[in-house]
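Worksheet: one structure, shown below.
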Amino acid sequence: MALDDILKQVPIDDVAAKLGVSHDEAKAAVEQGGAVLLSGLAKNASTSEGSSAIENALKRHEGTTGAKKVDDIDQNDGGKIVSHILGADEKKVTTKLNESKETAGIDFGKLLPILAPIVMGLIANATKSKDTTAGGGQAQSGGGGLGDVIGGLLGGGDSKSGGGVGDLLGGVLGGLFGKK
């Protein structure tokens with residue numbers, strides 16, 4: 001599973017129309033927004049408390065699949081997910097993303113709530129299938145199932161992007177998630 005899996009589940013053309021940007025601009029923004037959400041989840045999953053909270057939230061998203069249209073996505077739920085993932089850094093992160101040269105003109109305050117339920121559904125389904133193939137039982141916290149799934153999504157980005165996602169993560173997240 002990789003960041004590309006998020007792209008397959010997001011109605012890129014509909015996102016582009018909603019945000020008033022081209023398909024390619026919307027795709028780049030979805031890659032960056034997805035990577036930021038995954039990074040926030042990975043940081044939260046690094047503590048037992050955070051991992052437990054994520055696992056509880058994932059149960060509500062099991063079976064969720066991608067959407068054909070943006071209007072099919074519960075953006076109110078998405079906004080709550082974004083707030084939980086990014087916490088007090090939500091404004092700083094969205095501002096930094098909005099200022100990014102690669103995605104000029106994208107309103108990440110609108111995009112992240114569209115992406116969040118899809119990302120949670122992907123992780124929930126991947127974690128569930130990982131549990132099933134591992135012989136059942138609970139997903140391990142941190143270094144086990146949940147951490148592996150999130151790490152797989154983060155690490156599986158497309159190398160043709162010239163480091164865009166990695167560069168953005170370094171720039172946007174540079175210290176934001178590391179600070180207490």
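Within each chain, counting starts at residue 1; across the structure tokens, chains are named A, B, ... in the order shown, with ligands numbered 1 upward in that order.
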
Would you list the contacts of A:Asp74 as a VMD selection string, taking every protein, DNA or RNA residue within 8 Å and counting only C-alpha atoms, but skipping same-chain residues closer than 4 positions in sequence?
-> chain A and resid 78 114 117

Please produce a file of the residues just selected, as a compact mmCIF listing (two decimals), in the first residue's frame, where the atoms kept are N, CA and C atoms.
```txt
# COMPACT_ATOMS: atom_id res chain seq x y z
N GLY A 78 -14.60 14.89 8.37
CA GLY A 78 -13.22 15.12 7.93
C GLY A 78 -12.56 16.25 8.69
N ILE A 114 -11.64 16.82 3.12
CA ILE A 114 -12.07 15.91 2.06
C ILE A 114 -11.21 14.64 2.11
N PRO A 117 -11.31 11.53 5.74
CA PRO A 117 -12.10 10.29 5.85
C PRO A 117 -11.60 9.19 4.91
```

Spatial neighbours of A:Val15, 10 Å, only C-alpha atoms, chain gap at least 2 places, as an MDAnalysis selection string = chainID A and resid 10:13 17:23 25:27 29:30 69:71 110:111 114:115

Between atom CA of A:Gln9 and atom CA of A:Ile118, what is the spacing in Å?
-> 7.0 Å

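Shortest separation to A:Val36 among A:Ala16, A:Ala57, A:Leu7, A:Leu112 occurs at residue A:Leu112, atoms counted being only C-alpha atoms.
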
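One finds atom CA of A:Lys8 at 10.9 Å from atom CA of A:Glu31.
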
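With atom CA of A:Ser39 on one side and atom CA of A:Asn98 on the other, the separation reads 17.3 Å.
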
Mind checking DSSP for stretch 16-89 of chain A and telling me the helix (DSSP H, G or I) residues as a count of residues only?
-> 57

With a distance cut-off of 10 Å and only C-alpha atoms, select the neighbouring residues of A:Thr95, excluding the residue or stretch itself and same-chain residues fewer than 3 positions from it, and output the selection as a list of chain:residue names.
-> A:Asp89, A:Glu90, A:Lys91, A:Lys92, A:Asn98, A:Glu99, A:Ser100, A:Asp107, A:Phe108, A:Gly109, A:Val172
